[in-house]
>>> print(open('work.txt').read())   # compact mmCIF, C-alpha atoms (C1' of nucleotides)
# COMPACT_ATOMS: atom_id res chain seq x y z
CA MET A 286 91.57 159.69 238.55
CA ALA A 287 92.39 162.70 240.67
CA ALA A 288 92.46 164.62 237.42
CA ALA A 289 89.01 163.36 236.54
CA LEU A 290 87.68 164.26 239.96
CA ASP A 291 88.97 167.79 239.58
CA GLU A 292 87.49 168.13 236.14
CA PHE A 293 84.10 166.72 237.15
CA TYR A 294 84.20 168.93 240.22
CA GLU A 295 84.86 172.07 238.23
CA ARG A 296 82.49 171.44 235.35
CA GLY A 297 80.02 168.77 236.34
CA PHE A 298 79.86 165.37 234.69
CA ALA A 299 78.12 166.34 231.48
CA ALA A 300 80.19 169.43 230.81
CA ALA A 301 83.54 167.87 231.64
CA ARG A 302 85.52 166.88 228.57
CA MET A 303 87.47 163.67 228.25
CA GLU A 304 90.15 165.56 226.37
CA ASP A 305 90.65 167.98 229.26
CA ILE A 306 90.92 165.15 231.75
CA ALA A 307 93.52 163.49 229.54
CA GLN A 308 95.41 166.76 229.17
CA ARG A 309 95.69 167.13 232.93
CA VAL A 310 97.88 164.05 233.03
CA LYS A 311 99.59 164.86 229.73
CA LEU A 312 97.91 162.11 227.79
CA SER A 313 95.85 162.14 224.67
CA LYS A 314 92.17 161.45 224.70
CA GLY A 315 92.63 158.09 222.99
CA THR A 316 95.01 156.88 225.69
CA LEU A 317 92.44 157.57 228.34
CA TYR A 318 90.18 155.08 226.59
CA LEU A 319 92.81 152.38 227.04
CA TYR A 320 92.25 152.62 230.77
CA PHE A 321 88.57 153.47 231.02
CA SER A 322 86.06 152.14 228.57
CA SER A 323 83.79 155.16 228.79
CA LYS A 324 83.12 158.39 230.60
CA ASP A 325 80.59 156.58 232.76
CA ASP A 326 83.15 153.95 233.60
CA LEU A 327 85.62 156.61 234.68
CA PHE A 328 83.03 158.23 236.88
CA ARG A 329 82.16 154.98 238.59
CA ALA A 330 85.79 154.05 239.11
CA LEU A 331 86.32 157.43 240.64
CA ILE A 332 83.58 157.15 243.21
CA ASP A 333 84.58 153.61 244.10
CA THR A 334 88.17 154.60 244.65
CA TYR A 335 87.53 157.60 246.84
CA ALA A 336 84.45 156.45 248.69
CA VAL A 337 85.70 153.53 250.73
CA PRO A 338 88.70 155.14 252.50
CA ASN A 339 86.43 157.85 253.92
CA LEU A 340 84.23 155.31 255.54
CA GLU A 341 87.14 153.38 256.99
CA GLN A 342 88.46 156.44 258.74
CA ILE A 343 85.15 157.07 260.43
CA GLU A 344 84.73 153.45 261.43
CA GLN A 345 88.26 153.51 262.83
CA ILE A 346 87.54 156.45 265.05
CA MET A 347 84.26 155.05 266.22
CA SER A 348 85.62 151.65 267.10
CA ASN A 349 88.77 152.96 268.77
CA ALA A 350 87.03 155.43 271.04
CA PRO A 351 86.76 154.13 274.61
CA ALA A 352 83.95 156.58 275.39
CA PHE A 353 81.53 158.63 273.35
CA SER A 354 82.96 161.94 274.48
CA MET A 355 86.35 160.78 273.19
CA ALA A 356 84.85 160.02 269.82
CA LEU A 357 83.37 163.51 269.67
CA ASP A 358 86.75 165.00 270.46
CA ALA A 359 88.37 162.85 267.81
CA ILE A 360 85.81 164.02 265.28
CA ALA A 361 86.49 167.61 266.25
CA VAL A 362 90.13 167.05 265.39
CA PHE A 363 89.89 165.19 262.13
CA ALA A 364 86.81 166.90 260.66
CA PRO A 365 88.60 170.18 259.83
CA GLU A 366 91.43 168.20 258.25
CA MET A 367 89.04 166.12 256.23
CA ILE A 368 87.17 169.16 255.01
CA THR A 369 90.13 171.27 253.98
CA LYS A 370 92.69 168.67 252.99
CA THR A 371 90.96 165.71 251.38
CA HIS A 372 89.00 165.06 248.21
CA LEU A 373 85.80 164.51 250.15
CA PRO A 374 84.14 167.88 249.49
CA LYS A 375 84.76 167.50 245.77
CA LEU A 376 83.48 163.95 245.86
CA LEU A 377 80.34 165.04 247.63
CA LYS A 378 79.66 167.80 245.16
CA VAL A 379 80.18 165.58 242.15
CA LEU A 380 78.11 162.79 243.57
CA ALA A 381 75.30 165.10 244.59
CA GLY A 382 75.30 167.12 241.42
CA ASP A 383 75.08 164.16 239.10
CA SER A 384 73.21 161.84 241.40
CA HIS A 385 70.25 161.54 239.07
CA ASN A 386 72.39 160.39 236.18
CA PHE A 387 73.87 157.57 238.25
CA PRO A 388 71.12 156.24 240.48
CA ASP A 389 72.91 152.95 241.02
CA VAL A 390 76.11 154.66 242.15
CA VAL A 391 74.16 156.83 244.56
CA GLN A 392 72.28 153.83 245.88
CA SER A 393 75.46 151.91 246.59
CA TYR A 394 77.19 154.95 248.04
CA ARG A 395 74.32 155.39 250.39
CA SER A 396 74.06 151.82 251.54
CA GLU A 397 77.78 151.08 251.66
CA VAL A 398 79.18 154.34 252.95
CA ILE A 399 76.62 156.65 254.47
CA ASP A 400 74.32 154.16 256.11
CA ARG A 401 77.27 152.18 257.41
CA GLY A 402 78.90 155.31 258.80
CA LEU A 403 75.68 156.34 260.49
CA ALA A 404 75.29 152.84 261.87
CA ALA A 405 78.79 152.97 263.34
CA ILE A 406 77.98 156.19 265.15
CA ALA A 407 74.59 154.95 266.27
CA GLY A 408 76.23 151.80 267.59
CA LEU A 409 78.69 153.79 269.62
CA LEU A 410 75.86 155.91 270.99
CA ALA A 411 73.87 152.84 272.00
CA ARG A 412 76.91 151.38 273.72
CA ALA A 413 77.58 154.62 275.58
CA ASP A 414 73.94 154.63 276.62
CA SER A 415 74.03 151.17 278.11
CA ASP A 416 77.33 152.03 279.79
CA GLY A 417 75.53 154.89 281.46
CA GLU A 418 77.82 157.52 279.96
CA ILE A 419 74.99 159.27 278.16
CA GLN A 420 71.25 159.10 277.76
CA VAL A 421 69.93 158.48 274.26
CA ASP A 422 66.49 157.47 273.10
CA ASP A 423 67.02 157.19 269.38
CA PRO A 424 70.67 156.59 268.41
CA ALA A 425 69.87 156.67 264.68
CA LEU A 426 68.49 160.19 264.91
CA VAL A 427 71.23 161.46 267.16
CA ALA A 428 73.83 160.05 264.78
CA ARG A 429 72.44 162.41 262.16
CA LEU A 430 72.73 165.36 264.47
CA VAL A 431 76.33 164.34 265.09
CA ILE A 432 77.30 164.37 261.44
CA ALA A 433 75.16 167.33 260.40
CA PRO A 434 77.87 170.00 260.90
CA MET A 435 80.26 167.86 258.90
CA VAL A 436 77.91 167.67 255.96
CA LEU A 437 77.23 171.39 256.18
CA SER A 438 80.93 172.16 256.14
CA LEU A 439 81.70 169.73 253.34
CA LEU A 440 79.02 171.25 251.17
CA TRP A 441 80.09 174.74 252.10
CA GLN A 442 83.67 173.96 251.19
CA ALA A 443 82.65 172.43 247.87
CA VAL A 444 80.24 175.17 246.85
CA PHE A 445 81.29 178.40 248.51
CA ASP A 446 85.02 177.78 248.58
CA ARG A 447 85.78 180.48 246.05
CA THR A 448 83.17 183.02 247.06
CA LYS A 449 83.94 186.10 249.06
CA GLY A 450 82.59 186.37 252.56
CA PRO A 451 83.46 185.65 256.18
CA ALA A 452 85.56 182.50 256.55
CA VAL A 453 84.71 179.91 259.16
CA ASP A 454 86.99 178.71 261.91
CA LEU A 455 86.38 175.00 261.45
CA ALA A 456 88.44 173.94 264.45
CA ARG A 457 86.34 176.08 266.78
CA LEU A 458 83.11 175.08 265.06
CA PHE A 459 83.71 171.40 265.73
CA GLN A 460 85.02 171.98 269.24
CA LEU A 461 81.81 173.80 269.96
CA HIS A 462 79.78 171.06 268.36
CA ALA A 463 81.49 168.41 270.51
CA GLN A 464 80.92 170.48 273.61
CA TYR A 465 77.24 171.06 272.82
CA MET A 466 76.62 167.41 272.01
CA LYS A 467 78.17 166.38 275.30
CA ARG A 468 76.00 168.80 277.23
CA ALA A 469 72.90 167.76 275.35
CA LEU A 470 73.57 164.07 275.92
CA GLY A 471 74.37 164.55 279.58
CA VAL A 472 78.07 163.81 279.66
CA GLU A 473 79.22 164.64 283.19
CA ASP A 474 82.08 167.11 282.83
CA ALA A 475 80.60 169.08 279.95
CA MET B 73 60.13 177.84 235.57
CA ALA B 74 59.00 175.03 237.82
CA ALA B 75 59.36 172.82 234.77
CA ALA B 76 62.90 174.01 234.26
CA LEU B 77 63.74 173.42 237.89
CA ASP B 78 62.50 169.86 237.65
CA GLU B 79 64.43 169.23 234.49
CA PHE B 80 67.66 170.74 235.81
CA TYR B 81 67.15 168.79 239.02
CA GLU B 82 66.72 165.51 237.23
CA ARG B 83 69.44 165.89 234.64
CA GLY B 84 71.80 168.65 235.72
CA PHE B 85 72.21 171.90 233.84
CA ALA B 86 74.39 170.66 231.01
CA ALA B 87 72.39 167.52 230.32
CA ALA B 88 68.97 169.15 230.53
CA ARG B 89 67.44 169.84 227.13
CA MET B 90 65.58 173.04 226.33
CA GLU B 91 63.16 171.02 224.24
CA ASP B 92 62.26 168.81 227.20
CA ILE B 93 61.70 171.83 229.41
CA ALA B 94 59.41 173.28 226.77
CA GLN B 95 57.57 170.00 226.42
CA ARG B 96 56.78 169.93 230.12
CA VAL B 97 54.62 172.99 229.68
CA LYS B 98 53.36 171.91 226.25
CA LEU B 99 55.31 174.50 224.37
CA SER B 100 57.81 174.24 221.59
CA LYS B 101 61.44 175.02 222.06
CA GLY B 102 61.14 178.16 219.98
CA THR B 103 58.47 179.56 222.25
CA LEU B 104 60.68 179.07 225.26
CA TYR B 105 63.21 181.34 223.61
CA LEU B 106 60.60 184.07 223.42
CA TYR B 107 60.62 184.19 227.20
CA PHE B 108 64.22 183.37 228.03
CA SER B 109 67.04 184.49 225.83
CA SER B 110 69.24 181.51 226.63
CA LYS B 111 69.63 178.44 228.79
CA ASP B 112 71.83 180.45 231.11
CA ASP B 113 69.21 183.13 231.35
CA LEU B 114 66.59 180.57 232.31
CA PHE B 115 68.84 179.17 235.00
CA ARG B 116 69.48 182.57 236.50
CA ALA B 117 65.83 183.53 236.43
CA LEU B 118 65.06 180.29 238.17
CA ILE B 119 67.42 180.82 241.06
CA ASP B 120 66.34 184.42 241.50
CA THR B 121 62.70 183.46 241.63
CA TYR B 122 63.01 180.68 244.14
CA ALA B 123 65.81 182.03 246.31
CA VAL B 124 64.29 185.09 247.90
CA PRO B 125 61.08 183.61 249.37
CA ASN B 126 63.14 181.06 251.34
CA LEU B 127 65.07 183.76 253.04
CA GLU B 128 62.00 185.75 253.88
CA GLN B 129 60.43 182.85 255.71
CA ILE B 130 63.48 182.38 257.88
CA GLU B 131 63.77 186.08 258.62
CA GLN B 132 60.08 186.11 259.54
CA ILE B 133 60.47 183.35 262.06
CA MET B 134 63.57 184.87 263.55
CA SER B 135 62.12 188.32 263.94
CA ASN B 136 58.73 187.13 265.28
CA ALA B 137 60.17 184.86 267.96
CA PRO B 138 59.96 186.45 271.40
CA ALA B 139 62.63 184.09 272.78
CA PHE B 140 65.29 181.89 271.27
CA SER B 141 63.70 178.68 272.45
CA MET B 142 60.52 179.71 270.61
CA ALA B 143 62.49 180.20 267.43
CA LEU B 144 63.95 176.72 267.78
CA ASP B 145 60.48 175.27 268.22
CA ALA B 146 59.25 177.18 265.21
CA ILE B 147 62.12 175.83 263.14
CA ALA B 148 61.30 172.32 264.31
CA VAL B 149 57.82 172.79 262.92
CA PHE B 150 58.51 174.36 259.57
CA ALA B 151 61.75 172.56 258.69
CA PRO B 152 60.08 169.22 257.90
CA GLU B 153 57.51 171.06 255.80
CA MET B 154 60.17 172.97 253.95
CA ILE B 155 62.17 169.84 253.26
CA THR B 156 59.35 167.66 252.01
CA LYS B 157 56.97 170.15 250.47
CA THR B 158 58.92 172.97 248.84
CA HIS B 159 61.28 173.34 245.93
CA LEU B 160 64.21 174.06 248.23
CA PRO B 161 65.92 170.66 248.10
CA LYS B 162 65.82 170.72 244.31
CA LEU B 163 67.09 174.26 244.28
CA LEU B 164 69.96 173.35 246.55
CA LYS B 165 70.97 170.39 244.44
CA VAL B 166 70.86 172.34 241.20
CA LEU B 167 72.74 175.26 242.66
CA ALA B 168 75.37 173.06 244.27
CA GLY B 169 75.78 170.78 241.30
CA ASP B 170 76.34 173.54 238.80
CA SER B 171 77.88 176.08 241.13
CA HIS B 172 81.14 176.18 239.24
CA ASN B 173 79.44 177.05 235.98
CA PHE B 174 77.70 180.04 237.57
CA PRO B 175 80.12 181.57 240.05
CA ASP B 176 78.29 184.88 240.04
CA VAL B 177 74.96 183.26 240.85
CA VAL B 178 76.52 181.32 243.69
CA GLN B 179 78.22 184.42 245.00
CA SER B 180 75.00 186.38 245.09
CA TYR B 181 73.05 183.47 246.56
CA ARG B 182 75.59 183.24 249.30
CA SER B 183 75.70 186.90 250.16
CA GLU B 184 72.01 187.62 249.71
CA VAL B 185 70.42 184.48 251.09
CA ILE B 186 72.76 182.33 253.13
CA ASP B 187 74.82 184.98 254.86
CA ARG B 188 71.73 187.04 255.58
CA GLY B 189 69.91 184.02 256.98
CA LEU B 190 72.86 183.15 259.19
CA ALA B 191 73.08 186.75 260.31
CA ALA B 192 69.41 186.72 261.30
CA ILE B 193 69.95 183.67 263.47
CA ALA B 194 73.17 185.02 264.92
CA GLY B 195 71.38 188.27 265.75
CA LEU B 196 68.64 186.43 267.58
CA LEU B 197 71.24 184.45 269.49
CA ALA B 198 73.10 187.59 270.50
CA ARG B 199 69.87 189.18 271.68
CA ALA B 200 68.92 186.10 273.70
CA ASP B 201 72.38 186.19 275.21
CA SER B 202 72.12 189.77 276.38
CA ASP B 203 68.58 189.04 277.65
CA GLY B 204 70.13 186.33 279.80
CA GLU B 205 68.07 183.55 278.21
CA ILE B 206 71.12 181.69 276.95
CA GLN B 207 74.89 181.87 277.08
CA VAL B 208 76.67 182.20 273.74
CA ASP B 209 80.24 183.13 272.98
CA ASP B 210 80.23 183.11 269.21
CA PRO B 211 76.74 183.58 267.70
CA ALA B 212 78.04 183.20 264.16
CA LEU B 213 79.36 179.71 264.85
CA VAL B 214 76.32 178.62 266.81
CA ALA B 215 74.10 179.81 263.97
CA ARG B 216 75.81 177.25 261.78
CA LEU B 217 75.18 174.50 264.26
CA VAL B 218 71.54 175.55 264.29
CA ILE B 219 71.09 175.21 260.55
CA ALA B 220 73.32 172.17 260.07
CA PRO B 221 70.56 169.55 260.41
CA MET B 222 68.48 171.50 257.93
CA VAL B 223 71.22 171.47 255.34
CA LEU B 224 71.83 167.79 255.94
CA SER B 225 68.18 166.99 255.47
CA LEU B 226 67.81 169.17 252.40
CA LEU B 227 70.74 167.48 250.74
CA TRP B 228 69.53 164.08 251.81
CA GLN B 229 66.12 164.76 250.35
CA ALA B 230 67.59 166.00 247.09
CA VAL B 231 70.11 163.21 246.63
CA PHE B 232 68.80 160.13 248.39
CA ASP B 233 65.13 160.76 247.87
CA ARG B 234 64.70 157.84 245.52
CA THR B 235 67.12 155.41 247.09
CA LYS B 236 66.04 152.54 249.23
CA GLY B 237 66.92 152.57 252.90
CA PRO B 238 65.59 153.56 256.29
CA ALA B 239 63.48 156.70 256.12
CA VAL B 240 63.95 159.50 258.58
CA ASP B 241 61.33 160.92 260.89
CA LEU B 242 62.03 164.57 260.20
CA ALA B 243 59.58 165.87 262.78
CA ARG B 244 61.32 163.96 265.56
CA LEU B 245 64.76 164.80 264.22
CA PHE B 246 64.11 168.52 264.49
CA GLN B 247 62.33 168.25 267.83
CA LEU B 248 65.39 166.50 269.13
CA HIS B 249 67.64 169.11 267.61
CA ALA B 250 65.67 171.90 269.27
CA GLN B 251 65.80 170.11 272.60
CA TYR B 252 69.54 169.49 272.36
CA MET B 253 70.30 173.06 271.35
CA LYS B 254 68.31 174.34 274.31
CA ARG B 255 70.20 172.10 276.70
CA ALA B 256 73.53 173.00 275.16
CA LEU B 257 72.80 176.72 275.35
CA GLY B 258 71.50 176.53 278.89
CA VAL B 259 67.80 177.26 278.41
CA GLU B 260 66.17 176.72 281.81
CA ASP B 261 63.35 174.24 281.27
CA ALA B 262 65.18 172.02 278.79
C1' DT C 244 27.11 192.45 215.42
C1' DG C 245 30.37 190.94 211.51
C1' DC C 246 34.60 191.24 209.19
C1' DA C 247 39.13 192.40 208.18
C1' DA C 248 43.48 194.14 209.49
C1' DA C 249 47.06 193.97 213.03
C1' DT C 250 49.42 191.88 216.47
C1' DA C 251 50.79 188.32 219.55
C1' DA C 252 51.90 183.55 220.40
C1' DC C 253 53.64 179.65 218.75
C1' DT C 254 55.95 176.05 215.84
C1' DG C 255 59.48 172.85 214.05
C1' DA C 256 62.95 172.32 210.54
C1' DC C 257 67.62 173.78 210.12
C1' DT C 258 72.55 175.18 211.20
C1' DG C 259 76.85 175.11 213.43
C1' DG C 260 79.58 173.56 216.76
C1' DT C 261 80.78 170.37 220.35
C1' DC C 262 82.22 166.19 222.13
C1' DA C 263 82.18 160.88 223.18
C1' DT C 264 83.75 157.13 221.00
C1' DT C 265 86.24 154.56 217.20
C1' DT C 266 89.75 153.66 213.93
C1' DA C 267 94.17 154.19 211.73
C1' DT C 268 99.08 155.42 212.54
C1' DT C 269 103.14 155.98 214.90
C1' DA C 270 106.54 155.46 218.82
C1' DA C 271 108.62 152.60 222.43
C1' DT C 272 110.29 148.52 224.26
C1' DA C 273 111.37 143.62 225.05
C1' DT D 22 110.64 141.77 214.87
C1' DA D 23 106.46 141.55 217.77
C1' DT D 24 103.91 143.46 221.17
C1' DT D 25 102.37 147.17 223.80
C1' DA D 26 101.60 152.13 224.59
C1' DA D 27 100.37 156.21 222.82
C1' DT D 28 98.68 159.46 219.53
C1' DA D 29 96.18 161.82 215.97
C1' DA D 30 92.60 161.79 212.78
C1' DA D 31 87.95 160.44 211.68
C1' DT D 32 82.94 159.63 212.68
C1' DG D 33 78.49 160.45 214.16
C1' DA D 34 75.12 161.69 217.65
C1' DC D 35 73.43 165.41 219.97
C1' DC D 36 71.50 169.92 221.03
C1' DA D 37 71.53 175.22 221.77
C1' DG D 38 69.93 178.69 219.35
C1' DT D 39 67.67 180.76 214.88
C1' DC D 40 64.07 182.00 211.91
C1' DA D 41 60.58 181.73 208.17
C1' DG D 42 56.23 180.63 208.41
C1' DT D 43 51.59 179.31 210.89
C1' DT D 44 47.86 179.86 214.11
C1' DA D 45 45.27 182.30 217.65
C1' DT D 46 43.76 186.52 219.63
C1' DT D 47 42.76 191.30 219.75
C1' DT D 48 41.56 195.67 217.76
C1' DG D 49 39.35 198.93 214.58
C1' DC D 50 35.68 200.00 211.99
C1' DA D 51 31.25 199.50 209.02
>>> encode(input="work.txt", output="C-alpha cells")
Amino acid sequence: MAAALDEFYERGFAAARMEDIAQRVKLSKGTLYLYFSSKDDLFRALIDTYAVPNLEQIEQIMSNAPAFSMALDAIAVFAPEMITKTHLPKLLKVLAGDSHNFPDVVQSYRSEVIDRGLAAIAGLLARADSDGEIQVDDPALVARLVIAPMVLSLLWQAVFDRTKGPAVDLARLFQLHAQYMKRALGVEDA
Amino acid sequence: MAAALDEFYERGFAAARMEDIAQRVKLSKGTLYLYFSSKDDLFRALIDTYAVPNLEQIEQIMSNAPAFSMALDAIAVFAPEMITKTHLPKLLKVLAGDSHNFPDVVQSYRSEVIDRGLAAIAGLLARADSDGEIQVDDPALVARLVIAPMVLSLLWQAVFDRTKGPAVDLARLFQLHAQYMKRALGVEDA
DNA sequence: TGCAAATAACTGACTGGTCATTTATTAATA
DNA sequence: TATTAATAAATGACCAGTCAGTTATTTGCA
C-alpha cells in the first residue's frame, strides 16, 4: 500500500498504472488483483489505512496537554516531524488531487478526520478559556488558525518538495507560530 | 480556458477529456486542437493565464498599504472574496494535484508567483519593523504565517466545497487572523 | 449591390496506443 | 495430490491526436 501511495503521489490516480504499483513490490499485475479487487478499491484501502493514525496522534496531544500553551509547544515539536517524515503530505496531495473522483472518500475523510481533529483543538481551546488561561470567543475559528501553518507546510512539502528555492526552517516556523498564538490569545508569559 | 479549468478541476488532468472541454464551449474536439496543440499545451496556457493576475493583486495591496496593520485589514477584506469568487481555489487544486506531471510548470509557478508574493509580504514586514510599527525577527517566516490561513481556506474550498459539514465564516476568520497577527507582532491598538 | 473566389472556422470519423480487468497457466506448498 | 499463490497472456474500453471534408465568413470585382 505504501507502494501504491507513492505511485498515486507521483502520477495522480488516473495516470498511475497498476503494473507499476505491482512492480514496486516485485509482484505481477495479476497478483495485485488477488489482494485488491480494483484500482478504486486500492485507493480507498490506502486512504483508510493512513488516515486514522494521523488523527489519533493529534487527539493524543490534545487530550494529554494540561494547558493550551503546552499543546502548542507539543505541536511545534511534532509538526516538523510529521511533515518531513510521515506519509501525510503525500496522502494530502493524493486526496486533494483526486477528491472529485472519490466524493465519498473525501466526505468521510472530512467528517472522520478533519472535523474531529478540529473539534479536539476547539475543545481544548474552550477548556483553556473557562480555566482562564486564555480568552477565546470562537474556538472553532481559532482552531483553524492553529492548524493553518500545518496545512500550508504539508501542501508545500507535497507540491514544492522537489523545486529549487529557499528552504524553510520548519522547527523555527512552528516555534514562532506557537509563540504568536500564545501572545494573541493572552497567555501570560508569552 | 475557463472550460478547461473546470474540467481539469472536476476530473484531474489525466481523466479530463478533450472532447468534454470542447463541448463546454460548444466546439468539436478538432477545433480545440486548432487553438491548443496538445492537452499539455492547454494545461500550461491555463496556468499561465490565471497565475499572474493573482500575484499582481497581492503585490498591489502590499505596496499600497501605508502600514502593516492596514495591509492585514486589506487582506481580511479581499481574502474571502478571492476564495469564494475567483478561480484561485480551482487553480490551486489542479496545480497541486498534477504537480508531478508538470514539474517545470510548478517550478515556475513557485518562483514567479509564490516566492514573489512571499517576498512582497516579507518586504512590507521588514519595512514596518524598521519604522518601529512592529517587531519582527524573521520576515520570511512571518510571511508564511500571514498567508497560512489563506492557503488553508483555498484548499478547503477546492476540496471540501461540496461536502456536508459546518461552513466557515471566512470574513470573521480573516478578521480574527488580522487581529491576532497584530497582537502577536506588537501593533499598538490591537 | 450581387456574385464568385478565397480563406477561415469547424466537424466527426478514424487510428494507434495505453491500460484496467479477466482468464488461462504455471509454481509452490501442505 | 490438492490447494493456494503467482504469473503471463488475452480482452476490450477508452481517448489523445489526426485529417479529409464541410460550413461560414470575408474579400475582390463586375
>>> axis_aligned_box(input="work.txt", around="region 23-36 of chain D", padding_each_side="3 Å", output="lines of an AutoDock Vina configuration file")
center_x = 89.0
center_y = 155.7
center_z = 218.1
size_x = 41.0
size_y = 34.4
size_z = 18.9
>>> interface_residues(input="work.txt", of="chain C", to="chain A", cutoff="10 Å", atoms="all atoms listed in the file", output="tab-separated table (two decimals) with C-alpha atoms (C1' of nucleotides), in the frame of the given file")
chain	number	residue	atom	x	y	z
C	262	DC	C1'	82.22	166.19	222.13
C	263	DA	C1'	82.18	160.88	223.18
C	264	DT	C1'	83.75	157.13	221.00
C	265	DT	C1'	86.24	154.56	217.20
>>> interface_residues(input="work.txt", of="chain D", to="chain B", cutoff="12 Å", atoms="all atoms listed in the file", output="PyMOL selection string")
chain D and resi 35-40
>>> residues_near_point(input="work.txt", point="(70.7, 162.5, 265.1)", cutoff="10 Å", atoms="all atoms listed in the file", output="ChimeraX atom specification")
/A:403,406-407,423-433 /B:221,240,244-246,248-249
>>> closest_atom_pairs(input="work.txt", of="chain B", to="chain A", cutoff="6 Å", atoms="only C-alpha atoms", output="tab-separated table")
residue	atom	partner	partner_atom	distance
B:Glu82	CA	A:His385	CA	5.6
B:Ala86	CA	A:Ala299	CA	5.7
B:Ala87	CA	A:Ala299	CA	6.0
B:Ala168	CA	A:Val444	CA	5.9
B:Gly169	CA	A:Gly382	CA	3.7
B:His172	CA	A:Glu295	CA	5.6
B:Gln179	CA	A:Thr448	CA	5.5
B:Leu213	CA	A:Leu458	CA	6.0
B:Ala220	CA	A:Pro434	CA	5.1
B:Pro221	CA	A:Ala433	CA	5.1
B:Leu224	CA	A:Ala433	CA	5.6
B:Val231	CA	A:Ala381	CA	5.9
B:Thr235	CA	A:Gln392	CA	5.5
B:Leu245	CA	A:Leu426	CA	6.0
B:Tyr252	CA	A:Ala469	CA	4.8
B:Arg255	CA	A:Ala469	CA	5.3
B:Ala256	CA	A:Tyr465	CA	4.8
>>> write_last_selection(input="work.txt", atoms="C-alpha atoms", output="mmCIF file, keeping the file's coordinate frame")
data_model
loop_
_atom_site.group_PDB
_atom_site.id
_atom_site.type_symbol
_atom_site.label_atom_id
_atom_site.label_comp_id
_atom_site.auth_asym_id
_atom_site.auth_seq_id
_atom_site.Cartn_x
_atom_site.Cartn_y
_atom_site.Cartn_z
ATOM 1 C CA GLU B 82 66.720 165.510 237.230
ATOM 2 C CA ALA B 86 74.390 170.660 231.010
ATOM 3 C CA ALA B 87 72.390 167.520 230.320
ATOM 4 C CA ALA B 168 75.370 173.060 244.270
ATOM 5 C CA GLY B 169 75.780 170.780 241.300
ATOM 6 C CA HIS B 172 81.140 176.180 239.240
ATOM 7 C CA GLN B 179 78.220 184.420 245.000
ATOM 8 C CA LEU B 213 79.360 179.710 264.850
ATOM 9 C CA ALA B 220 73.320 172.170 260.070
ATOM 10 C CA PRO B 221 70.560 169.550 260.410
ATOM 11 C CA LEU B 224 71.830 167.790 255.940
ATOM 12 C CA VAL B 231 70.110 163.210 246.630
ATOM 13 C CA THR B 235 67.120 155.410 247.090
ATOM 14 C CA LEU B 245 64.760 164.800 264.220
ATOM 15 C CA TYR B 252 69.540 169.490 272.360
ATOM 16 C CA ARG B 255 70.200 172.100 276.700
ATOM 17 C CA ALA B 256 73.530 173.000 275.160
#
>>> atom_distance(input="work.txt", atom1="CA of Arg188 (chain B)", atom2="CA of Asp120 (chain B)")
15.3 Å
>>> residues_around(input="work.txt", residues="region 28-31 of chain D", least_positions_apart="6", cutoff="8 Å", atoms="all atoms listed in the file", output="PyMOL selection string")
(chain A and resi 313+315-316) or (chain C and resi 266-269)
>>> residues_around(input="work.txt", residues="Phe115 (chain B)", least_positions_apart="6", cutoff="9 Å", atoms="only C-alpha atoms (C1' of nucleotides)", output="mmCIF file with C-alpha atoms, in the frame of the given file")
data_model
loop_
_atom_site.group_PDB
_atom_site.id
_atom_site.type_symbol
_atom_site.label_atom_id
_atom_site.label_comp_id
_atom_site.auth_asym_id
_atom_site.auth_seq_id
_atom_site.Cartn_x
_atom_site.Cartn_y
_atom_site.Cartn_z
ATOM 1 C CA MET B 73 60.130 177.840 235.570
ATOM 2 C CA ALA B 76 62.900 174.010 234.260
ATOM 3 C CA LEU B 77 63.740 173.420 237.890
ATOM 4 C CA PHE B 80 67.660 170.740 235.810
ATOM 5 C CA PHE B 85 72.210 171.900 233.840
#
>>> residues_around(input="work.txt", residues="Pro365 (chain A)", least_positions_apart="3", cutoff="8 Å", atoms="only C-alpha atoms (C1' of nucleotides)", output="compact mmCIF listing (two decimals) with C-alpha atoms, keeping the file's coordinate frame")
# COMPACT_ATOMS: atom_id res chain seq x y z
CA ALA A 361 86.49 167.61 266.25
CA VAL A 362 90.13 167.05 265.39
CA ILE A 368 87.17 169.16 255.01
CA THR A 369 90.13 171.27 253.98
CA LEU A 455 86.38 175.00 261.45
CA ALA A 456 88.44 173.94 264.45
CA PHE A 459 83.71 171.40 265.73
>>> atom_distance(input="work.txt", atom1="C1' of DA270 (chain C)", atom2="CA of Ile306 (chain A)")
22.5 Å
>>> closest_residue(input="work.txt", among="C:DG255, C:DT250, C:DT272, C:DT261", to="DT47 (chain D)", atoms="all atoms listed in the file")
C:DT250
>>> residues_near_point(input="work.txt", point="(39.7, 191.7, 208.4)", cutoff="12 Å", atoms="all atoms listed in the file", output="list in words")
DG245, DC246, DA247, DA248 and DA249 of chain C; DT47, DT48, DG49, DC50 and DA51 of chain D
>>> write_last_selection(input="work.txt", atoms="C-alpha atoms (C1' of nucleotides)", output="compact mmCIF listing (two decimals), keeping the file's coordinate frame")
# COMPACT_ATOMS: atom_id res chain seq x y z
C1' DG C 245 30.37 190.94 211.51
C1' DC C 246 34.60 191.24 209.19
C1' DA C 247 39.13 192.40 208.18
C1' DA C 248 43.48 194.14 209.49
C1' DA C 249 47.06 193.97 213.03
C1' DT D 47 42.76 191.30 219.75
C1' DT D 48 41.56 195.67 217.76
C1' DG D 49 39.35 198.93 214.58
C1' DC D 50 35.68 200.00 211.99
C1' DA D 51 31.25 199.50 209.02
>>> residues_around(input="work.txt", residues="Lys370 (chain A)", least_positions_apart="6", cutoff="12 Å", atoms="only C-alpha atoms (C1' of nucleotides)", output="short mmCIF file (atom, residue, chain, number, x, y, z; two decimals) with C-alpha atoms, keeping the file's coordinate frame")
data_model
loop_
_atom_site.label_atom_id
_atom_site.label_comp_id
_atom_site.auth_asym_id
_atom_site.auth_seq_id
_atom_site.Cartn_x
_atom_site.Cartn_y
_atom_site.Cartn_z
CA PHE A 363 89.89 165.19 262.13
CA ALA A 364 86.81 166.90 260.66
CA LEU A 439 81.70 169.73 253.34
CA GLN A 442 83.67 173.96 251.19
CA ALA A 443 82.65 172.43 247.87
#
>>> atom_distance(input="work.txt", atom1="CA of His372 (chain A)", atom2="CA of Arg329 (chain A)")
15.5 Å
>>> closest_residue(input="work.txt", among="B:Val177, B:Leu114, B:Ala75, B:Ala191", to="Asp92 (chain B)", atoms="only C-alpha atoms")
B:Ala75
